$ cat data_39.txt   # compact mmCIF, C-alpha atoms and all ligand atoms
# COMPACT_ATOMS: atom_id res chain seq x y z
CA MET A 1190 0.00 0.00 0.00
CA GLU A 1191 1.25 3.41 -0.95
CA LYS A 1192 1.59 5.96 1.81
CA ASN A 1193 -1.23 8.51 2.03
CA VAL A 1194 -0.42 12.00 0.81
CA TYR A 1195 -1.98 14.94 2.65
CA ILE A 1196 -1.78 18.36 1.03
CA LEU A 1197 -2.58 21.74 2.56
CA ALA A 1198 -3.64 23.88 -0.40
CA ILE A 1199 -3.96 27.66 -0.59
CA GLU A 1200 -5.75 29.77 -3.23
CA SER A 1201 -5.84 33.59 -3.38
CA SER A 1202 -5.62 34.49 -7.09
CA CYS A 1203 -8.72 36.69 -7.27
CA ASP A 1204 -11.43 37.45 -4.72
CA GLU A 1205 -11.66 34.23 -2.73
CA THR A 1206 -9.32 33.53 0.18
CA ALA A 1207 -9.32 29.74 0.38
CA ALA A 1208 -7.53 26.83 2.02
CA ALA A 1209 -8.20 23.08 1.98
CA VAL A 1210 -6.77 19.77 3.10
CA VAL A 1211 -6.87 17.10 0.38
CA LYS A 1212 -5.95 13.43 0.80
CA ASN A 1213 -4.45 11.58 -2.17
CA GLY A 1214 -5.64 14.22 -4.60
CA ARG A 1215 -9.29 13.19 -4.57
CA GLU A 1216 -10.57 13.19 -1.02
CA VAL A 1217 -11.41 16.63 0.38
CA LEU A 1218 -11.00 16.66 4.17
CA SER A 1219 -11.76 20.38 4.45
CA ASN A 1220 -12.56 23.22 2.08
CA VAL A 1221 -12.69 26.70 3.58
CA ILE A 1222 -13.61 29.63 1.32
CA TYR A 1223 -13.83 33.22 2.46
CA SER A 1224 -15.61 34.97 -0.41
CA GLN A 1225 -15.00 38.70 -0.84
CA ILE A 1226 -17.88 39.09 -3.31
CA ALA A 1227 -19.98 41.29 -1.02
CA LEU A 1228 -17.03 43.64 -0.59
CA HIS A 1229 -16.59 44.17 -4.33
CA THR A 1230 -20.29 44.32 -5.25
CA GLU A 1231 -20.61 48.07 -4.67
CA TYR A 1232 -17.80 48.67 -7.21
CA GLY A 1233 -19.40 46.38 -9.82
CA GLY A 1234 -16.31 44.16 -10.04
CA VAL A 1235 -13.15 43.04 -8.26
CA VAL A 1236 -10.94 45.90 -7.04
CA PRO A 1237 -7.41 44.41 -6.95
CA GLU A 1238 -6.09 46.55 -4.09
CA ILE A 1239 -9.07 45.75 -1.87
CA ALA A 1240 -8.75 42.06 -2.73
CA SER A 1241 -5.08 41.94 -1.67
CA ARG A 1242 -5.76 43.69 1.64
CA LYS A 1243 -8.61 41.35 2.49
CA HIS A 1244 -6.51 38.30 1.60
CA ILE A 1245 -3.84 39.48 4.06
CA GLU A 1246 -6.46 39.93 6.75
CA LYS A 1247 -8.04 36.50 6.21
CA ILE A 1248 -5.35 34.12 5.02
CA ASN A 1249 -4.04 32.81 8.36
CA GLN A 1250 -7.53 32.36 9.73
CA VAL A 1251 -8.66 30.42 6.66
CA ILE A 1252 -5.57 28.15 6.74
CA GLU A 1253 -6.03 27.40 10.45
CA GLN A 1254 -9.71 26.65 9.86
CA ALA A 1255 -8.85 24.23 7.04
CA LEU A 1256 -6.54 22.25 9.36
CA THR A 1257 -9.09 22.33 12.20
CA ASP A 1258 -11.96 21.17 9.94
CA ALA A 1259 -9.78 18.33 8.63
CA LYS A 1260 -8.87 17.43 12.25
CA MET A 1261 -5.22 17.42 11.24
CA LYS A 1262 -2.01 19.14 12.27
CA LEU A 1263 0.35 21.03 10.01
CA GLU A 1264 3.11 18.48 10.78
CA GLU A 1265 0.97 15.76 9.20
CA MET A 1266 0.97 17.50 5.81
CA ASN A 1267 3.22 16.12 3.05
CA ALA A 1268 3.13 19.29 0.94
CA ILE A 1269 2.01 22.90 0.98
CA ALA A 1270 0.39 23.75 -2.36
CA VAL A 1271 -0.35 27.24 -3.59
CA THR A 1272 -1.71 28.94 -6.70
CA TYR A 1273 1.11 31.08 -8.15
CA GLY A 1274 -0.60 32.18 -11.39
CA PRO A 1275 -2.42 33.33 -13.37
CA GLY A 1276 -4.34 35.97 -11.44
CA LEU A 1277 -4.04 39.37 -9.81
CA VAL A 1278 -0.41 39.83 -8.79
CA GLY A 1279 -1.10 41.40 -5.38
CA ALA A 1280 -3.70 38.76 -4.57
CA LEU A 1281 -1.48 35.86 -5.67
CA LEU A 1282 1.44 37.20 -3.62
CA VAL A 1283 -0.52 36.86 -0.39
CA GLY A 1284 -1.07 33.12 -0.87
CA VAL A 1285 2.42 32.53 -2.23
CA SER A 1286 4.05 34.37 0.69
CA ALA A 1287 1.94 32.51 3.24
CA ALA A 1288 2.75 29.14 1.65
CA LYS A 1289 6.48 29.91 1.49
CA ALA A 1290 6.52 31.04 5.12
CA ILE A 1291 4.73 27.89 6.29
CA SER A 1292 6.98 25.68 4.17
CA PHE A 1293 10.13 27.44 5.42
CA ALA A 1294 9.11 27.24 9.07
CA SER A 1295 7.93 23.62 8.95
CA GLY A 1296 10.27 22.09 6.38
CA ILE A 1297 7.26 20.72 4.45
CA PRO A 1298 7.82 20.81 0.66
CA LEU A 1299 6.26 23.57 -1.42
CA VAL A 1300 4.36 22.90 -4.67
CA GLY A 1301 3.22 25.80 -6.88
CA VAL A 1302 0.05 25.18 -8.89
CA HIS A 1303 -1.42 26.73 -12.04
CA HIS A 1304 -4.90 28.11 -11.33
CA ILE A 1305 -6.48 26.64 -14.48
CA GLU A 1306 -4.87 23.28 -13.79
CA GLY A 1307 -6.69 23.52 -10.46
CA HIS A 1308 -10.04 24.22 -12.16
CA ILE A 1309 -9.59 21.21 -14.47
CA SER A 1310 -8.52 18.99 -11.54
CA ALA A 1311 -11.71 19.89 -9.64
CA ASN A 1312 -13.28 17.18 -11.78
CA TYR A 1313 -11.15 14.50 -10.09
CA ILE A 1314 -12.65 15.20 -6.67
CA GLU A 1315 -16.13 13.80 -7.21
CA ASN A 1316 -15.39 11.55 -10.17
CA LYS A 1317 -12.96 9.03 -8.72
CA GLU A 1318 -12.86 7.07 -11.96
CA LEU A 1319 -11.94 10.03 -14.18
CA GLU A 1320 -8.46 9.80 -15.64
CA PRO A 1321 -6.86 11.57 -18.61
CA PRO A 1322 -7.07 11.72 -21.55
CA PHE A 1323 -10.18 13.87 -21.92
CA ILE A 1324 -11.24 17.25 -23.23
CA CYS A 1325 -12.08 20.00 -20.77
CA LEU A 1326 -13.85 23.29 -21.36
CA VAL A 1327 -12.60 25.84 -18.82
CA VAL A 1328 -14.93 28.81 -18.55
CA SER A 1329 -14.38 31.31 -15.77
CA GLY A 1330 -14.30 35.04 -15.13
CA GLY A 1331 -10.83 35.36 -16.60
CA HIS A 1332 -10.53 32.41 -18.98
CA SER A 1333 -12.29 30.51 -21.74
CA HIS A 1334 -10.12 27.62 -22.89
CA LEU A 1335 -10.78 24.38 -24.67
CA VAL A 1336 -8.08 22.03 -23.40
CA VAL A 1337 -6.92 18.55 -24.31
CA VAL A 1338 -5.89 16.95 -21.01
CA LYS A 1339 -3.37 14.46 -22.36
CA ASP A 1340 -2.16 13.25 -19.01
CA TYR A 1341 -1.87 14.57 -15.45
CA GLY A 1342 -0.13 17.93 -15.81
CA GLU A 1343 0.03 17.69 -19.61
CA TYR A 1344 -2.19 20.03 -21.55
CA GLU A 1345 -2.74 21.32 -25.04
CA ILE A 1346 -4.91 24.41 -25.44
CA ILE A 1347 -6.80 24.02 -28.71
CA GLY A 1348 -9.20 26.94 -28.32
CA ARG A 1349 -9.21 30.22 -26.43
CA THR A 1350 -11.15 33.46 -26.31
CA ARG A 1351 -10.06 36.25 -28.61
CA ASP A 1352 -11.55 38.94 -26.37
CA ASP A 1353 -13.80 38.61 -23.31
CA ALA A 1354 -13.89 35.45 -21.20
CA ALA A 1355 -17.31 33.78 -20.94
CA GLY A 1356 -17.74 34.83 -17.29
CA GLU A 1357 -16.70 38.36 -18.14
CA ALA A 1358 -19.47 38.49 -20.78
CA PHE A 1359 -21.99 37.26 -18.19
CA ASP A 1360 -20.82 39.93 -15.74
CA LYS A 1361 -20.94 42.77 -18.30
CA VAL A 1362 -24.36 41.84 -19.68
CA ALA A 1363 -25.76 41.46 -16.17
CA ARG A 1364 -24.56 44.96 -15.33
CA ALA A 1365 -26.19 46.33 -18.52
CA ILE A 1366 -29.56 44.79 -17.69
CA GLY A 1367 -29.33 45.97 -14.10
CA LEU A 1368 -28.75 42.66 -12.36
CA GLY A 1369 -25.51 43.67 -10.62
CA TYR A 1370 -22.32 41.77 -9.74
CA PRO A 1371 -21.44 38.93 -10.02
CA GLY A 1372 -23.54 38.54 -13.13
CA GLY A 1373 -23.22 34.83 -13.88
CA PRO A 1374 -25.37 33.41 -11.06
CA LYS A 1375 -27.93 36.23 -11.50
CA ILE A 1376 -28.35 35.69 -15.25
CA ASP A 1377 -28.55 31.95 -14.59
CA LYS A 1378 -31.43 32.52 -12.16
CA VAL A 1379 -33.53 35.01 -14.14
CA SER A 1380 -32.99 33.05 -17.36
CA ARG A 1381 -35.19 30.32 -15.94
CA GLU A 1382 -38.15 32.72 -16.19
CA GLY A 1383 -37.26 33.94 -19.69
CA ASN A 1384 -37.69 32.70 -23.25
CA PRO A 1385 -34.28 31.75 -24.72
CA ASP A 1386 -35.65 32.14 -28.26
CA ALA A 1387 -37.19 35.59 -27.70
CA ILE A 1388 -34.25 37.51 -29.21
CA HIS A 1389 -31.70 36.16 -31.63
CA PHE A 1390 -28.22 37.24 -30.64
CA PRO A 1391 -25.23 36.38 -32.88
CA ARG A 1392 -23.11 33.24 -32.42
CA ALA A 1393 -19.61 34.40 -33.33
CA LYS A 1394 -17.28 32.30 -35.42
CA VAL A 1395 -13.56 33.01 -35.45
CA GLY A 1396 -12.63 32.37 -39.08
CA ASP A 1397 -9.09 31.03 -38.88
CA ALA A 1398 -9.32 29.08 -35.61
CA GLU A 1399 -12.38 26.88 -35.34
CA TYR A 1400 -12.15 26.27 -31.59
CA ASP A 1401 -11.52 29.88 -30.57
CA PHE A 1402 -14.24 31.93 -28.93
CA SER A 1403 -15.29 35.57 -29.17
CA PHE A 1404 -17.86 37.05 -26.82
CA SER A 1405 -17.40 40.80 -27.21
CA GLY A 1406 -19.62 40.92 -30.35
CA LEU A 1407 -22.38 39.17 -28.45
CA LYS A 1408 -22.02 41.61 -25.56
CA SER A 1409 -22.25 44.54 -28.01
CA ALA A 1410 -25.31 42.99 -29.65
CA VAL A 1411 -27.05 42.87 -26.26
CA LEU A 1412 -26.09 46.51 -25.55
CA ASN A 1413 -27.36 47.58 -29.00
CA TYR A 1414 -30.62 45.72 -28.43
CA LEU A 1415 -31.09 47.48 -25.07
CA ASN A 1416 -30.32 50.90 -26.61
CA SER A 1417 -32.69 50.43 -29.51
CA CYS A 1418 -35.51 49.34 -27.16
CA GLN A 1419 -34.92 52.43 -25.04
CA MET A 1420 -34.91 54.68 -28.09
CA LYS A 1421 -38.15 53.19 -29.35
CA GLY A 1422 -39.64 53.44 -25.89
CA GLU A 1423 -40.20 49.67 -25.81
CA GLU A 1424 -40.26 47.82 -22.54
CA ILE A 1425 -37.30 45.50 -21.92
CA ASN A 1426 -38.06 42.01 -20.70
CA THR A 1427 -34.99 41.32 -18.56
CA ALA A 1428 -35.65 37.60 -18.26
CA ASP A 1429 -35.95 37.22 -22.04
CA VAL A 1430 -32.74 39.18 -22.66
CA ALA A 1431 -30.89 37.12 -20.03
CA ALA A 1432 -32.21 33.79 -21.36
CA SER A 1433 -31.47 34.69 -24.99
CA PHE A 1434 -27.95 35.88 -24.15
CA GLN A 1435 -27.27 32.77 -22.07
CA LYS A 1436 -28.50 30.53 -24.89
CA ALA A 1437 -26.17 32.26 -27.37
CA VAL A 1438 -23.18 31.62 -25.06
CA ILE A 1439 -24.20 28.01 -24.44
CA ASP A 1440 -24.74 27.26 -28.14
CA VAL A 1441 -21.22 28.37 -29.02
CA LEU A 1442 -19.60 26.55 -26.08
CA VAL A 1443 -21.46 23.33 -26.86
CA GLU A 1444 -20.78 23.42 -30.59
CA HIS A 1445 -17.04 24.08 -30.27
CA SER A 1446 -16.61 21.53 -27.48
CA MET A 1447 -18.46 18.75 -29.26
CA ASP A 1448 -16.58 19.40 -32.52
CA ALA A 1449 -13.32 19.02 -30.58
CA VAL A 1450 -14.42 15.87 -28.76
CA GLU A 1451 -15.39 14.26 -32.07
CA ARG A 1452 -12.29 15.40 -33.90
CA TYR A 1453 -9.96 14.08 -31.20
CA GLY A 1454 -12.00 10.90 -30.74
CA TYR A 1455 -12.34 11.11 -26.98
CA THR A 1456 -15.25 9.61 -25.07
CA LYS A 1457 -14.84 11.78 -21.98
CA PHE A 1458 -15.65 15.46 -21.70
CA ALA A 1459 -15.44 17.74 -18.65
CA ILE A 1460 -16.26 21.34 -17.80
CA ALA A 1461 -14.62 23.57 -15.19
CA GLY A 1462 -14.50 27.14 -13.86
CA GLY A 1463 -17.14 29.47 -12.45
CA VAL A 1464 -19.35 29.45 -15.55
CA ALA A 1465 -19.40 25.63 -15.42
CA SER A 1466 -21.87 25.95 -12.54
CA ASN A 1467 -24.40 27.52 -14.94
CA SER A 1468 -27.51 25.33 -14.88
CA GLY A 1469 -28.41 25.91 -18.53
CA LEU A 1470 -24.88 25.01 -19.65
CA ARG A 1471 -24.87 21.82 -17.61
CA GLN A 1472 -28.26 20.74 -18.97
CA ALA A 1473 -27.19 21.43 -22.55
CA PHE A 1474 -24.01 19.34 -22.16
CA GLU A 1475 -25.85 16.55 -20.36
CA LYS A 1476 -28.27 16.29 -23.27
CA VAL A 1477 -25.79 16.45 -26.10
CA CYS A 1478 -23.27 14.12 -24.42
CA GLU A 1479 -25.94 11.52 -23.77
CA LYS A 1480 -26.96 11.65 -27.41
CA LYS A 1481 -23.36 11.25 -28.56
CA ASN A 1482 -22.45 8.57 -26.01
CA ILE A 1483 -19.86 10.75 -24.34
CA THR A 1484 -19.40 10.62 -20.57
CA PHE A 1485 -19.93 14.12 -19.21
CA TYR A 1486 -18.11 15.25 -16.07
CA HIS A 1487 -18.67 18.42 -14.07
CA PRO A 1488 -17.75 19.48 -10.55
CA SER A 1489 -20.40 20.52 -7.99
CA PRO A 1490 -20.87 24.33 -8.02
CA VAL A 1491 -18.67 24.78 -4.92
CA TYR A 1492 -15.74 23.22 -6.82
CA CYS A 1493 -16.48 25.21 -10.02
CA THR A 1494 -15.87 28.68 -8.60
CA ASP A 1495 -12.51 29.43 -6.99
CA ASN A 1496 -11.57 27.12 -4.12
CA ALA A 1497 -8.43 25.53 -2.69
CA ALA A 1498 -9.57 21.88 -2.85
CA MET A 1499 -9.04 21.95 -6.63
CA ILE A 1500 -5.51 23.28 -6.04
CA GLY A 1501 -4.85 20.36 -3.68
CA ALA A 1502 -6.15 17.92 -6.31
CA ALA A 1503 -3.84 19.34 -9.00
CA ALA A 1504 -0.89 19.54 -6.58
CA TYR A 1505 -1.13 15.82 -5.75
CA TYR A 1506 -0.22 14.79 -9.31
CA GLU A 1507 2.58 17.37 -9.45
CA PHE A 1508 3.87 16.14 -6.07
CA ARG A 1509 3.86 12.52 -7.26
CA LYS A 1510 5.97 13.55 -10.25
CA GLY A 1511 8.54 14.98 -7.84
CA ILE A 1512 7.76 18.61 -8.61
CA ARG A 1513 8.83 20.91 -5.76
CA HIS A 1514 9.33 24.65 -5.66
CA GLY A 1515 12.03 26.62 -3.88
CA PHE A 1516 11.59 29.71 -1.75
CA ASP A 1517 12.22 31.78 -4.88
CA LEU A 1518 8.68 30.86 -6.03
CA ASN A 1519 7.03 34.06 -7.18
CA ALA A 1520 3.55 35.11 -8.30
CA VAL A 1521 3.27 34.91 -12.11
CA PRO A 1522 0.15 36.87 -13.15
CA ASN A 1523 0.22 35.62 -16.76
CA LEU A 1524 1.45 32.06 -16.19
CA LYS A 1525 0.67 29.82 -19.20
CA LEU A 1526 -1.03 26.48 -18.77
CA GLY A 1527 1.54 23.67 -18.75
CA GLU A 1528 4.37 26.16 -18.22
CA ARG A 1529 6.55 25.52 -15.16
CA ILE A 1530 8.55 28.33 -13.65
O1 LIG B 1601 -13.72 30.45 -11.66
P1 LIG B 1601 -14.18 31.71 -11.05
O2 LIG B 1601 -14.69 31.69 -9.64
O3 LIG B 1601 -13.05 32.79 -11.06
C1 LIG B 1601 -12.09 32.92 -12.07
O4 LIG B 1601 -11.10 32.16 -12.04
O5 LIG B 1601 -12.33 33.79 -12.94
O6 LIG B 1601 -15.29 32.32 -12.03
C2 LIG B 1601 -16.01 33.45 -11.74
C3 LIG B 1601 -16.93 33.73 -12.92
C4 LIG B 1601 -17.67 35.06 -12.81
O7 LIG B 1601 -17.56 35.74 -14.04
C5 LIG B 1601 -19.11 34.64 -12.54
O8 LIG B 1601 -20.07 35.55 -13.05
C6 LIG B 1601 -19.17 33.30 -13.28
O9 LIG B 1601 -17.93 32.70 -13.02
N1 LIG B 1601 -20.26 32.44 -12.77
C7 LIG B 1601 -21.30 32.03 -13.52
C8 LIG B 1601 -22.16 31.30 -12.66
N2 LIG B 1601 -21.57 31.25 -11.43
C9 LIG B 1601 -20.41 31.97 -11.51
N3 LIG B 1601 -21.60 32.26 -14.81
C10 LIG B 1601 -22.74 31.73 -15.29
N4 LIG B 1601 -23.61 31.02 -14.52
C11 LIG B 1601 -23.36 30.78 -13.22
N5 LIG B 1601 -24.22 30.07 -12.48
ZN ZN B 1602 -10.82 30.62 -11.17

$ encode --input "data_39.txt" --output "structure tokens" --more "lines below"
Ligand code: KG4
Ligand code: ZN
Amino acid sequence: MEKNVYILAIESSCDETAAAVVKNGREVLSNVIYSQIALHTEYGGVVPEIASRKHIEKINQVIEQALTDAKMKLEEMNAIAVTYGPGLVGALLVGVSAAKAISFASGIPLVGVHHIEGHISANYIENKELEPPFICLVVSGGHSHLVVVKDYGEYEIIGRTRDDAAGEAFDKVARAIGLGYPGGPKIDKVSREGNPDAIHFPRAKVGDAEYDFSFSGLKSAVLNYLNSCQMKGEEINTADVAASFQKAVIDVLVEHSMDAVERYGYTKFAIAGGVASNSGLRQAFEKVCEKKNITFYHPSPVYCTDNAAMIGAAAYYEFRKGIRHGFDLNAVPNLKLGERI
């Protein structure tokens, strides 16, 4: 029997201060998330400086809580994992500094993790049988990537957004229709009362790269629609606009993803990132995957949005490969997926 591996994982790349204890990469013993959303709501988006300050205030408390909830001691950990990119530099630095300090003081090895690798690995937590290779659609506030997961820690990005990330489009459209921040969950909710076929918004194609996405045209189309209604003095049905916008996003994500799955010949498909908790998106993928005999994987909503359990899951496979970081580990705001610094 192999020895159990316990990892204390830390995540602070954006507006969640999070820590978790994960056993053997797939068993979450604790998952503590301090969400700063309420703090940023009045500004209509994440304010980097405020995020960093709040991370500093909360990080030790969140880490201690993660160990307490797991009923474990720091000395029992085999590695300290931390997100070191991509993300907001000041926010990332808080987690990275905390992890380095703990590692230095305790002598427990340090493992830096890529944030997107964490999102993808969130799928391993509740799907014990899931192993690479598979295709994963990563859709969050900062990223929209179609990724071939060739093996643990081995990725090929085959599609990416040319402009706004999917979550960013949700947030911007929500603001325009007066739903506030964060837009994704709000659009998801009101869409259930709207007619997704009420307004036809464009589904953008990126000519020279079939798996790439573009959402800024769609966002502009929604803004133009709202303006023209206002000019004509027509009443705007918020639920219909939300549902029609959401359907346009879903259609493009589903079409590109399924084309890729078929082209690469995989039978497993996963989604990840904040937008992956969208109920309409999940239903659409469930339906199409069932029809095409593809096994569809998705994390529970709590593992879709930013959390540290997913970082612990990704770190386990890095740890097993012998990957360790030194105390020169730094925050890398634009870290590429698969890149190791
Ligand atoms: O993964 P995440 O927590 O942070 C990043 O790494 O960016 O994603 C946050 C994004 C936000 O844009 C938020 O509006 C979106 O995920 N989101 C959703 C839903 N829940 C969160 N978008 C659509 N439907 C949802 N239910
Ligand atoms: Zn994220």

$ residues_near_ligand --input "data_39.txt" --ligand "ligand ZN 1602 (chain B)" --cutoff "10 Å" --atoms "all atoms listed in the file" --output "mmCIF file with C-alpha atoms, in the frame of the given file"
data_model
loop_
_atom_site.group_PDB
_atom_site.id
_atom_site.type_symbol
_atom_site.label_atom_id
_atom_site.label_comp_id
_atom_site.auth_asym_id
_atom_site.auth_seq_id
_atom_site.Cartn_x
_atom_site.Cartn_y
_atom_site.Cartn_z
ATOM 1 C CA GLU A 1200 -5.750 29.770 -3.230
ATOM 2 C CA SER A 1201 -5.840 33.590 -3.380
ATOM 3 C CA SER A 1202 -5.620 34.490 -7.090
ATOM 4 C CA CYS A 1203 -8.720 36.690 -7.270
ATOM 5 C CA ASP A 1204 -11.430 37.450 -4.720
ATOM 6 C CA GLU A 1205 -11.660 34.230 -2.730
ATOM 7 C CA PRO A 1275 -2.420 33.330 -13.370
ATOM 8 C CA GLY A 1276 -4.340 35.970 -11.440
ATOM 9 C CA HIS A 1304 -4.900 28.110 -11.330
ATOM 10 C CA ILE A 1305 -6.480 26.640 -14.480
ATOM 11 C CA GLU A 1306 -4.870 23.280 -13.790
ATOM 12 C CA GLY A 1307 -6.690 23.520 -10.460
ATOM 13 C CA HIS A 1308 -10.040 24.220 -12.160
ATOM 14 C CA VAL A 1327 -12.600 25.840 -18.820
ATOM 15 C CA VAL A 1328 -14.930 28.810 -18.550
ATOM 16 C CA SER A 1329 -14.380 31.310 -15.770
ATOM 17 C CA GLY A 1330 -14.300 35.040 -15.130
ATOM 18 C CA GLY A 1331 -10.830 35.360 -16.600
ATOM 19 C CA HIS A 1332 -10.530 32.410 -18.980
ATOM 20 C CA ALA A 1461 -14.620 23.570 -15.190
ATOM 21 C CA GLY A 1462 -14.500 27.140 -13.860
ATOM 22 C CA GLY A 1463 -17.140 29.470 -12.450
ATOM 23 C CA VAL A 1464 -19.350 29.450 -15.550
ATOM 24 C CA TYR A 1492 -15.740 23.220 -6.820
ATOM 25 C CA CYS A 1493 -16.480 25.210 -10.020
ATOM 26 C CA THR A 1494 -15.870 28.680 -8.600
ATOM 27 C CA ASP A 1495 -12.510 29.430 -6.990
ATOM 28 C CA ASN A 1496 -11.570 27.120 -4.120
ATOM 29 C CA MET A 1499 -9.040 21.950 -6.630
#

$ residues_around --input "data_39.txt" --residues "region 1212-1223 of chain A" --least-positions-apart "6" --cutoff "6 Å" --atoms "all atoms listed in the file" --output "PDB file with C-alpha atoms, in the coordinates of the input"
ATOM      1  CA  VAL A1194      -0.420  12.000   0.810  1.00  0.00           C
ATOM      2  CA  TYR A1195      -1.980  14.940   2.650  1.00  0.00           C
ATOM      3  CA  GLU A1205     -11.660  34.230  -2.730  1.00  0.00           C
ATOM      4  CA  THR A1206      -9.320  33.530   0.180  1.00  0.00           C
ATOM      5  CA  ALA A1255      -8.850  24.230   7.040  1.00  0.00           C
ATOM      6  CA  ASP A1258     -11.960  21.170   9.940  1.00  0.00           C
ATOM      7  CA  ALA A1259      -9.780  18.330   8.630  1.00  0.00           C
ATOM      8  CA  TYR A1313     -11.150  14.500 -10.090  1.00  0.00           C
ATOM      9  CA  ILE A1314     -12.650  15.200  -6.670  1.00  0.00           C
ATOM     10  CA  ALA A1498      -9.570  21.880  -2.850  1.00  0.00           C
ATOM     11  CA  ALA A1502      -6.150  17.920  -6.310  1.00  0.00           C
ATOM     12  CA  TYR A1505      -1.130  15.820  -5.750  1.00  0.00           C
TER      13      TYR A1505
END

$ closest_residue --input "data_39.txt" --among "A:Arg1349, A:Arg1529, A:His1303, A:Lys1317" --to "ligand LIG 1601 (chain B)" --atoms "all atoms listed in the file"
A:His1303

$ residues_near_point --input "data_39.txt" --point "(-16.0, 24.7, -31.0)" --cutoff "9 Å" --atoms "all atoms listed in the file" --output "PDB file with C-alpha atoms, in the coordinates of the input"
ATOM      1  CA  LEU A1335     -10.780  24.380 -24.670  1.00  0.00           C
ATOM      2  CA  GLY A1348      -9.200  26.940 -28.320  1.00  0.00           C
ATOM      3  CA  LYS A1394     -17.280  32.300 -35.420  1.00  0.00           C
ATOM      4  CA  GLU A1399     -12.380  26.880 -35.340  1.00  0.00           C
ATOM      5  CA  TYR A1400     -12.150  26.270 -31.590  1.00  0.00           C
ATOM      6  CA  ASP A1401     -11.520  29.880 -30.570  1.00  0.00           C
ATOM      7  CA  PHE A1402     -14.240  31.930 -28.930  1.00  0.00           C
ATOM      8  CA  VAL A1441     -21.220  28.370 -29.020  1.00  0.00           C
ATOM      9  CA  LEU A1442     -19.600  26.550 -26.080  1.00  0.00           C
ATOM     10  CA  VAL A1443     -21.460  23.330 -26.860  1.00  0.00           C
ATOM     11  CA  GLU A1444     -20.780  23.420 -30.590  1.00  0.00           C
ATOM     12  CA  HIS A1445     -17.040  24.080 -30.270  1.00  0.00           C
ATOM     13  CA  SER A1446     -16.610  21.530 -27.480  1.00  0.00           C
ATOM     14  CA  MET A1447     -18.460  18.750 -29.260  1.00  0.00           C
ATOM     15  CA  ASP A1448     -16.580  19.400 -32.520  1.00  0.00           C
ATOM     16  CA  ALA A1449     -13.320  19.020 -30.580  1.00  0.00           C
TER      17      ALA A1449
END

$ atom_distance --input "data_39.txt" --atom1 "CA of Asn1312 (chain A)" --atom2 "CA of Pro1488 (chain A)"
5.2 Å

$ residues_around --input "data_39.txt" --residues "Ile1376 (chain A)" --least-positions-apart "5" --cutoff "8 Å" --atoms "all atoms listed in the file" --output "tab-separated table (two decimals) with C-alpha atoms, keeping the file's coordinate frame"
chain	number	residue	atom	x	y	z
A	1359	PHE	CA	-21.99	37.26	-18.19
A	1363	ALA	CA	-25.76	41.46	-16.17
A	1368	LEU	CA	-28.75	42.66	-12.36
A	1431	ALA	CA	-30.89	37.12	-20.03
A	1432	ALA	CA	-32.21	33.79	-21.36
A	1435	GLN	CA	-27.27	32.77	-22.07

$ closest_residue --input "data_39.txt" --among "A:Lys1457, A:His1514, A:Lys1361, A:Lys1260" --to "ligand LIG 1601 (chain B)" --atoms "only C-alpha atoms and all ligand atoms"
A:Lys1361

$ atom_distance --input "data_39.txt" --atom1 "CA of Pro1391 (chain A)" --atom2 "CA of Lys1378 (chain A)"
22.0 Å

$ closest_residue --input "data_39.txt" --among "A:Ile1269, A:Leu1228, A:Val1491, A:Ile1252" --to "ligand LIG 1601 (chain B)" --atoms "all atoms listed in the file"
A:Val1491

$ closest_residue --input "data_39.txt" --among "A:Glu1265, A:Asp1360, A:Asp1429, A:Glu1318" --to "Tyr1414 (chain A)" --atoms "all atoms listed in the file"
A:Asp1429

$ residues_near_point --input "data_39.txt" --point "(-35.1, 36.9, -19.1)" --cutoff "6 Å" --atoms "all atoms listed in the file" --output "VMD selection string"
chain A and resid 1379 to 1380 1382 to 1383 1427 to 1432

$ closest_residue --input "data_39.txt" --among "A:Glu1357, A:Glu1191, A:Glu1231, A:Glu1320" --to "ligand LIG 1601 (chain B)" --atoms "all atoms listed in the file"
A:Glu1357

$ atom_distance --input "data_39.txt" --atom1 "CA of Ser1468 (chain A)" --atom2 "CA of Val1336 (chain A)"
21.5 Å
